[in-house]
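Everything below concerns the one structure shown next.
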Amino acid sequence: MRKSLNQIGREIRLKKVLRNNRALIFAFDHGVEHGPKVFPEEKIDPRVIIREAVEAEVDAIMTTLGIASMTYDIWGGRVPLIMKLTSKTYLRPEQQRLLQSVFGYVRDAVAIGADAVAATVYWGSEYEDSMLNTWFTIRSTAERFGLPVLQLAYPRGSAIKNMYDKEVVKYGVRAAIESGADIIKTYYTGSEESFREVVKVAAGIPILMSGGATREKPVDFLRDVKSVMRAGANGAVVGRNIFQHKDPKAMIRALKLIIHEDKEVEEVAKLVE
Ligand code: FBP
């Protein structure tokens, strides 16, 4: 039977983002989530970092509608865009940082030619209900337009003692697949063995490791990514460990060699030292 146009569109876009089912996605929504202090001072203009990411050929860029519009002449036609449609600021009272709010609409992503959209769900948060409302509104509209949806499936809430605990991460991943995520981004659980269990729970839905705070030694970050790839993951979504590195392009090259070429950490470590 003939596939519907939106099914075909979704399939094509997924392949653009996940070439060979693997990807290094560059996350760049930190200006809202962390504030401008997160960026090296000399790179406060978003165009500088976006240009580095594009020149080093990341597989996709996940960013906000504002940054996407300010930099389209750099990424447009070269790197797929994933528009992040939820966000929060750190300026909020602590308790309300457990809520992600609407930060754009699927129609904005369609208008600019994005290849996917993304939204965060803090599974276990006091505001889970509100985020699920937002998630399903995004998901069902995106499906209509053939846009895959990436879920940042982050277990986070006052009842969660350790958000990196493998059972907690597995729960978030299971919830992500049940909520219809096309790609899942979640926390690294600290070992290949435990992440293998996380990958199993994803049951074939592409799963990518979330970068997290910048590691003191860049080579340790490469080790984390290697470990999730060995565990069967599909790649990583990385922000700070790239743009806070002294040579972001070198870090991207090293990560791509691990993700796409199965290189060992020792083979690429010199790139990031
Ligand atoms: P990083 O690789 O820098 O952690 O980026 C991934 C990301 O999910 C961003 O998309 C987001 O802005 C940030 O982490 C959220 O950070 P936090 O965990 O502090 O809320």
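In the structure tokens, the first chain shown is A, the next is B, and so on; residue numbers restart at 1 for each chain, and ligands run from 1 in the order shown.
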inquiry  = Would you pick out the contacts of A:Thr63 at 8 Å or less, using only C-alpha atoms, so that residues sharing its chain but fewer than 2 positions from it are not included, and give the list as a list in words?
reply    = Ala27, Phe28, Asp29, Ile61, Leu65, Ile67, Ala68, Leu81, Ile82, Met83 and Lys84 of chain A
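Inspection of the environment of ligand 1, which uses only C-alpha atoms and all ligand atoms and a cut-off of 6 Å, identifies the neighbouring residues as Ala27, Asp29, His30, Glu33, Ser210, Gly211, Gly212, Ala213, Val238, Gly239 and Arg240 of chain A.
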ask   = Can you list every residue in stretch 84-255 of chain A that DSSP puts in strand (DSSP E or B), as number ranges by chain?
value = A: 84, 86-87, 101-102, 116-123, 149-155, 183-186, 207-210, 235-238
Nearby residues (only C-alpha atoms) at most 9 Å from stretch 219-230 of chain A, same-chain spacing under 6 positions excluded, as a JSON list (two decimals) with all heavy atoms, in the first residue's frame:
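Dumped to selection11.json:
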[["chain", "number", "residue", "atom", "x", "y", "z"],
["A", 188, "TYR", "N", 23.69, 9.70, 30.46],
["A", 188, "TYR", "CA", 24.63, 8.59, 30.55],
["A", 188, "TYR", "C", 24.57, 8.04, 31.97],
["A", 188, "TYR", "O", 24.60, 8.81, 32.94],
["A", 188, "TYR", "CB", 26.04, 9.10, 30.23],
["A", 188, "TYR", "CG", 27.13, 8.07, 30.33],
["A", 188, "TYR", "CD1", 26.96, 6.81, 29.76],
["A", 188, "TYR", "CD2", 28.32, 8.35, 30.99],
["A", 188, "TYR", "CE1", 27.97, 5.86, 29.84],
["A", 188, "TYR", "CE2", 29.34, 7.40, 31.07],
["A", 188, "TYR", "CZ", 29.15, 6.16, 30.50],
["A", 188, "TYR", "OH", 30.14, 5.23, 30.58],
["A", 190, "GLY", "N", 26.77, 6.07, 33.38],
["A", 190, "GLY", "CA", 28.07, 5.92, 34.02],
["A", 190, "GLY", "C", 28.88, 4.69, 33.63],
["A", 190, "GLY", "O", 30.05, 4.61, 33.97],
["A", 191, "SER", "N", 28.28, 3.75, 32.93],
["A", 191, "SER", "CA", 29.06, 2.59, 32.49],
["A", 191, "SER", "C", 28.43, 1.98, 31.23],
["A", 191, "SER", "O", 27.23, 2.16, 30.99],
["A", 191, "SER", "CB", 29.11, 1.52, 33.58],
["A", 191, "SER", "OG", 27.83, 0.94, 33.74],
["A", 192, "GLU", "N", 29.27, 1.27, 30.50],
["A", 192, "GLU", "CA", 28.78, 0.62, 29.28],
["A", 192, "GLU", "C", 27.70, -0.41, 29.64],
["A", 192, "GLU", "O", 26.65, -0.49, 29.00],
["A", 192, "GLU", "CB", 29.97, -0.06, 28.59],
["A", 192, "GLU", "CG", 29.59, -0.82, 27.34],
["A", 192, "GLU", "CD", 30.76, -1.59, 26.74],
["A", 192, "GLU", "OE1", 31.93, -1.19, 26.92],
["A", 192, "GLU", "OE2", 30.49, -2.61, 26.08],
["A", 193, "GLU", "N", 28.00, -1.15, 30.68],
["A", 193, "GLU", "CA", 27.10, -2.22, 31.11],
["A", 193, "GLU", "C", 25.68, -1.69, 31.45],
["A", 193, "GLU", "O", 24.67, -2.22, 30.98],
["A", 193, "GLU", "CB", 27.72, -2.85, 32.35],
["A", 193, "GLU", "CG", 27.19, -4.17, 32.74],
["A", 193, "GLU", "CD", 27.76, -4.56, 34.12],
["A", 193, "GLU", "OE1", 28.39, -3.71, 34.80],
["A", 193, "GLU", "OE2", 27.56, -5.72, 34.49],
["A", 195, "PHE", "N", 24.44, 1.21, 30.52],
["A", 195, "PHE", "CA", 23.79, 1.86, 29.38],
["A", 195, "PHE", "C", 23.26, 0.84, 28.38],
["A", 195, "PHE", "O", 22.29, 1.10, 27.67],
["A", 195, "PHE", "CB", 24.72, 2.87, 28.70],
["A", 195, "PHE", "CG", 23.95, 3.98, 28.03],
["A", 195, "PHE", "CD1", 23.40, 5.02, 28.78],
["A", 195, "PHE", "CD2", 23.71, 3.97, 26.65],
["A", 195, "PHE", "CE1", 22.63, 6.02, 28.17],
["A", 195, "PHE", "CE2", 22.96, 4.97, 26.05],
["A", 195, "PHE", "CZ", 22.42, 5.99, 26.81],
["A", 196, "ARG", "N", 23.87, -0.34, 28.38],
["A", 196, "ARG", "CA", 23.36, -1.42, 27.52],
["A", 196, "ARG", "C", 21.91, -1.74, 27.89],
["A", 196, "ARG", "O", 21.05, -1.97, 27.04],
["A", 196, "ARG", "CB", 24.26, -2.65, 27.68],
["A", 196, "ARG", "CG", 24.10, -3.68, 26.60],
["A", 196, "ARG", "CD", 25.09, -4.82, 26.80],
["A", 196, "ARG", "NE", 26.47, -4.39, 26.65],
["A", 196, "ARG", "CZ", 27.07, -4.25, 25.47],
["A", 196, "ARG", "NH1", 26.44, -4.50, 24.37],
["A", 196, "ARG", "NH2", 28.34, -3.84, 25.41],
["A", 199, "VAL", "N", 19.70, 0.99, 26.49],
["A", 199, "VAL", "CA", 19.49, 0.83, 25.05],
["A", 199, "VAL", "C", 18.43, -0.25, 24.80],
["A", 199, "VAL", "O", 17.57, -0.10, 23.93],
["A", 199, "VAL", "CB", 20.83, 0.47, 24.35],
["A", 199, "VAL", "CG1", 20.60, 0.07, 22.90],
["A", 199, "VAL", "CG2", 21.81, 1.63, 24.44],
["A", 208, "LEU", "N", 20.30, 8.50, 22.02],
["A", 208, "LEU", "CA", 21.55, 9.26, 22.03],
["A", 208, "LEU", "C", 21.85, 9.76, 23.43],
["A", 208, "LEU", "O", 20.94, 10.13, 24.18],
["A", 208, "LEU", "CB", 21.46, 10.45, 21.06],
["A", 208, "LEU", "CG", 21.43, 10.07, 19.57],
["A", 208, "LEU", "CD1", 20.02, 9.83, 19.08],
["A", 208, "LEU", "CD2", 22.08, 11.13, 18.74],
["A", 209, "MET", "N", 23.14, 9.78, 23.73],
["A", 209, "MET", "CA", 23.57, 10.24, 25.05],
["A", 209, "MET", "C", 23.57, 11.76, 25.12],
["A", 209, "MET", "O", 23.98, 12.44, 24.18],
["A", 209, "MET", "CB", 25.00, 9.73, 25.27],
["A", 209, "MET", "CG", 25.68, 10.31, 26.47],
["A", 209, "MET", "SD", 27.45, 9.91, 26.40],
["A", 209, "MET", "CE", 28.14, 11.38, 27.13],
["A", 211, "GLY", "N", 25.16, 15.11, 26.43],
["A", 211, "GLY", "CA", 26.54, 15.45, 26.78],
["A", 211, "GLY", "C", 26.77, 15.77, 28.24],
["A", 211, "GLY", "O", 27.60, 15.16, 28.90],
["A", 236, "ALA", "N", 25.35, 10.82, 20.10],
["A", 236, "ALA", "CA", 25.31, 11.74, 21.25],
["A", 236, "ALA", "C", 24.80, 13.11, 20.80],
["A", 236, "ALA", "O", 24.94, 13.50, 19.65],
["A", 236, "ALA", "CB", 26.70, 11.87, 21.85],
["A", 241, "ASN", "N", 30.43, 20.32, 26.04],
["A", 241, "ASN", "CA", 31.73, 19.66, 25.81],
["A", 241, "ASN", "C", 32.31, 20.00, 24.45],
["A", 241, "ASN", "O", 33.49, 19.77, 24.22],
["A", 241, "ASN", "CB", 31.60, 18.14, 25.98],
["A", 241, "ASN", "CG", 31.70, 17.72, 27.44],
["A", 241, "ASN", "OD1", 32.78, 17.63, 28.00],
["A", 241, "ASN", "ND2", 30.54, 17.54, 28.07],
["A", 251, "MET", "N", 37.18, 18.75, 18.65],
["A", 251, "MET", "CA", 36.32, 17.89, 19.47],
["A", 251, "MET", "C", 35.23, 17.23, 18.60],
["A", 251, "MET", "O", 34.96, 16.04, 18.73],
["A", 251, "MET", "CB", 35.69, 18.73, 20.59],
["A", 251, "MET", "CG", 34.77, 17.98, 21.50],
["A", 251, "MET", "SD", 35.46, 16.45, 22.20],
["A", 251, "MET", "CE", 35.81, 16.92, 23.86],
["A", 254, "ALA", "N", 36.83, 14.42, 16.59],
["A", 254, "ALA", "CA", 37.10, 13.24, 17.42],
["A", 254, "ALA", "C", 35.81, 12.47, 17.71],
["A", 254, "ALA", "O", 35.76, 11.24, 17.60],
["A", 254, "ALA", "CB", 37.77, 13.67, 18.72],
["A", 255, "LEU", "N", 34.76, 13.20, 18.05],
["A", 255, "LEU", "CA", 33.49, 12.54, 18.38],
["A", 255, "LEU", "C", 32.92, 11.83, 17.15],
["A", 255, "LEU", "O", 32.39, 10.72, 17.24],
["A", 255, "LEU", "CB", 32.48, 13.57, 18.91],
["A", 255, "LEU", "CG", 32.78, 14.12, 20.31],
["A", 255, "LEU", "CD1", 31.88, 15.31, 20.63],
["A", 255, "LEU", "CD2", 32.61, 13.03, 21.37],
["A", 258, "ILE", "N", 34.58, 8.53, 16.56],
["A", 258, "ILE", "CA", 34.11, 7.49, 17.49],
["A", 258, "ILE", "C", 32.70, 7.03, 17.09],
["A", 258, "ILE", "O", 32.41, 5.84, 17.05],
["A", 258, "ILE", "CB", 34.15, 8.02, 18.94],
["A", 258, "ILE", "CG1", 35.60, 8.16, 19.39],
["A", 258, "ILE", "CG2", 33.37, 7.11, 19.88],
["A", 258, "ILE", "CD1", 35.78, 8.85, 20.73],
["A", 259, "ILE", "N", 31.85, 7.99, 16.80],
["A", 259, "ILE", "CA", 30.44, 7.64, 16.52],
["A", 259, "ILE", "C", 30.26, 6.96, 15.16],
["A", 259, "ILE", "O", 29.56, 5.96, 15.05],
["A", 259, "ILE", "CB", 29.55, 8.91, 16.64],
["A", 259, "ILE", "CG1", 29.50, 9.35, 18.11],
["A", 259, "ILE", "CG2", 28.15, 8.66, 16.08],
["A", 259, "ILE", "CD1", 28.86, 10.71, 18.36],
["A", 262, "ASP", "N", 33.76, 4.06, 14.46],
["A", 262, "ASP", "CA", 34.11, 3.08, 15.50],
["A", 262, "ASP", "C", 35.57, 3.17, 15.94],
["A", 262, "ASP", "O", 36.17, 2.16, 16.33],
["A", 262, "ASP", "CB", 33.81, 1.64, 15.03],
["A", 262, "ASP", "CG", 32.32, 1.40, 14.92],
["A", 262, "ASP", "OD1", 31.58, 1.89, 15.78],
["A", 262, "ASP", "OD2", 31.90, 0.73, 13.95],
["A", 263, "LYS", "N", 36.15, 4.37, 15.87],
["A", 263, "LYS", "CA", 37.54, 4.51, 16.31],
["A", 263, "LYS", "C", 37.65, 4.35, 17.83],
["A", 263, "LYS", "O", 36.71, 4.66, 18.56],
["A", 263, "LYS", "CB", 38.09, 5.90, 15.94],
["A", 263, "LYS", "CG", 38.21, 6.12, 14.44],
["A", 263, "LYS", "CD", 39.38, 5.36, 13.86],
["A", 263, "LYS", "CE", 39.53, 5.66, 12.38],
["A", 263, "LYS", "NZ", 40.20, 4.59, 11.63],
["A", 264, "GLU", "N", 38.82, 3.90, 18.27],
["A", 264, "GLU", "CA", 39.08, 3.77, 19.70],
["A", 264, "GLU", "C", 39.47, 5.16, 20.25],
["A", 264, "GLU", "O", 40.01, 5.99, 19.51],
["A", 264, "GLU", "CB", 40.24, 2.80, 19.95],
["A", 264, "GLU", "CG", 39.94, 1.36, 19.56],
["A", 264, "GLU", "CD", 38.72, 0.78, 20.30],
["A", 264, "GLU", "OE1", 38.53, 1.11, 21.49],
["A", 264, "GLU", "OE2", 37.97, 0.01, 19.67],
["A", 265, "VAL", "N", 39.25, 5.37, 21.54],
["A", 265, "VAL", "CA", 39.55, 6.66, 22.16],
["A", 265, "VAL", "C", 41.04, 7.01, 21.96],
["A", 265, "VAL", "O", 41.39, 8.14, 21.63],
["A", 265, "VAL", "CB", 39.19, 6.63, 23.66],
["A", 265, "VAL", "CG1", 39.69, 7.87, 24.37],
["A", 265, "VAL", "CG2", 37.67, 6.49, 23.82],
["A", 266, "GLU", "N", 41.91, 6.02, 22.14],
["A", 266, "GLU", "CA", 43.36, 6.26, 22.03],
["A", 266, "GLU", "C", 43.73, 6.77, 20.63],
["A", 266, "GLU", "O", 44.68, 7.52, 20.46],
["A", 266, "GLU", "CB", 44.16, 4.98, 22.32],
["A", 266, "GLU", "CG", 44.06, 4.48, 23.76],
["A", 266, "GLU", "CD", 42.64, 4.03, 24.15],
["A", 266, "GLU", "OE1", 41.93, 3.47, 23.29],
["A", 266, "GLU", "OE2", 42.25, 4.29, 25.31],
["A", 268, "VAL", "N", 42.01, 8.78, 18.75],
["A", 268, "VAL", "CA", 41.57, 10.15, 18.45],
["A", 268, "VAL", "C", 41.88, 11.14, 19.59],
["A", 268, "VAL", "O", 41.70, 12.34, 19.42],
["A", 268, "VAL", "CB", 40.05, 10.19, 18.13],
["A", 268, "VAL", "CG1", 39.75, 9.32, 16.90],
["A", 268, "VAL", "CG2", 39.21, 9.75, 19.30],
["A", 269, "ALA", "N", 42.36, 10.63, 20.71],
["A", 269, "ALA", "CA", 42.56, 11.47, 21.90],
["A", 269, "ALA", "C", 43.45, 12.67, 21.61],
["A", 269, "ALA", "O", 43.22, 13.77, 22.13],
["A", 269, "ALA", "CB", 43.15, 10.64, 23.03],
["A", 270, "LYS", "N", 44.46, 12.47, 20.76],
["A", 270, "LYS", "CA", 45.40, 13.58, 20.51],
["A", 270, "LYS", "C", 44.71, 14.80, 19.89],
["A", 270, "LYS", "O", 45.17, 15.93, 20.03],
["A", 270, "LYS", "CB", 46.60, 13.11, 19.68],
["A", 270, "LYS", "CG", 46.24, 12.48, 18.37],
["A", 270, "LYS", "CD", 47.48, 11.95, 17.67],
["A", 270, "LYS", "CE", 47.16, 11.19, 16.38],
["A", 270, "LYS", "NZ", 46.11, 10.14, 16.53],
["A", 272, "VAL", "N", 42.03, 16.20, 20.85],
["A", 272, "VAL", "CA", 41.37, 17.07, 21.82],
["A", 272, "VAL", "C", 42.28, 17.50, 22.98],
["A", 272, "VAL", "O", 41.83, 18.22, 23.88],
["A", 272, "VAL", "CB", 40.09, 16.40, 22.39],
["A", 272, "VAL", "CG1", 39.13, 16.07, 21.28],
["A", 272, "VAL", "CG2", 40.39, 15.17, 23.23],
["A", 273, "GLU", "N", 43.52, 17.03, 22.98],
["A", 273, "GLU", "CA", 44.41, 17.34, 24.12],
["A", 273, "GLU", "C", 44.89, 18.79, 24.11],
["A", 273, "GLU", "O", 45.00, 19.38, 23.06],
["A", 273, "GLU", "CB", 45.62, 16.40, 24.10],
["A", 273, "GLU", "CG", 45.27, 15.07, 24.77],
["A", 273, "GLU", "CD", 46.21, 13.95, 24.35],
["A", 273, "GLU", "OE1", 47.19, 14.19, 23.65],
["A", 273, "GLU", "OE2", 45.91, 12.79, 24.74]]
request  = Find, counting only C-alpha atoms, the residue in A:Arg215, A:Ala60, A:Asp182, A:Arg51 that gets nearest to A:Ile25.
outcome  =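 So, comparing all the options, the nearest one is A:Ala60.
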Write out as an mmCIF file with C-alpha atoms, in the first residue's frame each polymer residue whose atoms come within 9 Å of stretch 99-112 of chain A, counting only C-alpha atoms; drop sequence neighbours fewer than 4 positions from it.
data_model
loop_
_atom_site.group_PDB
_atom_site.id
_atom_site.type_symbol
_atom_site.label_atom_id
_atom_site.label_comp_id
_atom_site.auth_asym_id
_atom_site.auth_seq_id
_atom_site.Cartn_x
_atom_site.Cartn_y
_atom_site.Cartn_z
ATOM 1 C CA THR A 64 15.972 27.618 19.208
ATOM 2 C CA LEU A 65 14.012 29.539 16.601
ATOM 3 C CA ALA A 68 18.152 29.349 13.804
ATOM 4 C CA SER A 69 16.894 32.576 12.182
ATOM 5 C CA TYR A 72 20.400 30.384 8.626
ATOM 6 C CA LEU A 81 18.112 21.713 11.810
ATOM 7 C CA ILE A 82 16.246 20.335 14.821
ATOM 8 C CA MET A 83 14.154 23.101 16.302
ATOM 9 C CA LYS A 84 13.878 22.917 20.077
ATOM 10 C CA LEU A 85 10.307 23.822 20.958
ATOM 11 C CA THR A 86 10.471 23.866 24.759
ATOM 12 C CA SER A 87 12.742 25.632 27.203
ATOM 13 C CA LYS A 88 13.154 27.265 30.599
ATOM 14 C CA THR A 89 15.505 29.791 32.166
ATOM 15 C CA GLN A 95 11.165 24.682 42.003
ATOM 16 C CA ALA A 116 12.944 17.606 13.097
ATOM 17 C CA VAL A 117 11.651 19.170 16.293
ATOM 18 C CA ALA A 119 11.070 18.888 23.317
ATOM 19 C CA THR A 120 12.148 18.117 26.858
ATOM 20 C CA VAL A 121 10.060 16.085 29.280
ATOM 21 C CA TYR A 122 11.275 15.964 32.877
ATOM 22 C CA SER A 125 8.657 16.347 37.787
ATOM 23 C CA GLU A 126 5.855 18.039 39.690
ATOM 24 C CA TYR A 127 4.990 19.619 36.308
ATOM 25 C CA GLU A 128 4.944 16.359 34.342
ATOM 26 C CA SER A 130 1.924 20.287 31.818
ATOM 27 C CA MET A 131 4.972 19.004 29.905
ATOM 28 C CA THR A 134 2.981 20.297 25.469
ATOM 29 C CA ILE A 138 3.977 19.064 19.492
ATOM 30 C CA ARG A 139 4.104 15.375 18.628
ATOM 31 C CA THR A 141 1.256 18.341 14.870
ATOM 32 C CA ALA A 142 4.763 17.246 13.914
ATOM 33 C CA PHE A 145 3.771 17.468 8.835
ATOM 34 C CA LEU A 147 8.601 15.912 11.153
#
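Of note, atom CA of A:Lys37 and atom CA of A:Ala153 are spaced 25.1 Å apart.
All residues within stretch 191-227 of chain A that the backbone DSSP calculation assigns to alpha helix (DSSP H) are Glu192, Glu193, Ser194, Phe195, Arg196, Glu197, Val198, Val199, Lys200, Val201, Ala202, Pro218, Val219, Asp220, Phe221, Leu222, Arg223, Asp224, Val225, Lys226 and Ser227 of chain A.
With only C-alpha atoms as the atoms that count, the residue of A:Gln151, A:Asn133, A:Gln96, A:Asn234 with the shortest distance to A:Arg174 is A:Gln151.
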ask   = So what do you get for atom CA of A:Ala181 versus atom CA of A:Leu150, distance-wise?
value =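 Between atom CA of A:Ala181 and atom CA of A:Leu150 the gap works out to 6.0 Å.
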task = Tell me, in Å to one decimal, how far atom CA of A:Glu52 is from atom CA of A:Pro248.
result =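 Separation of atom CA of A:Glu52 and atom CA of A:Pro248: 6.9 Å.
Take the candidates A:Ile177, A:Ile44, A:Ala202, A:Val79 and check each one against A:Ala23 using only C-alpha atoms; the shortest distance goes to A:Val79.
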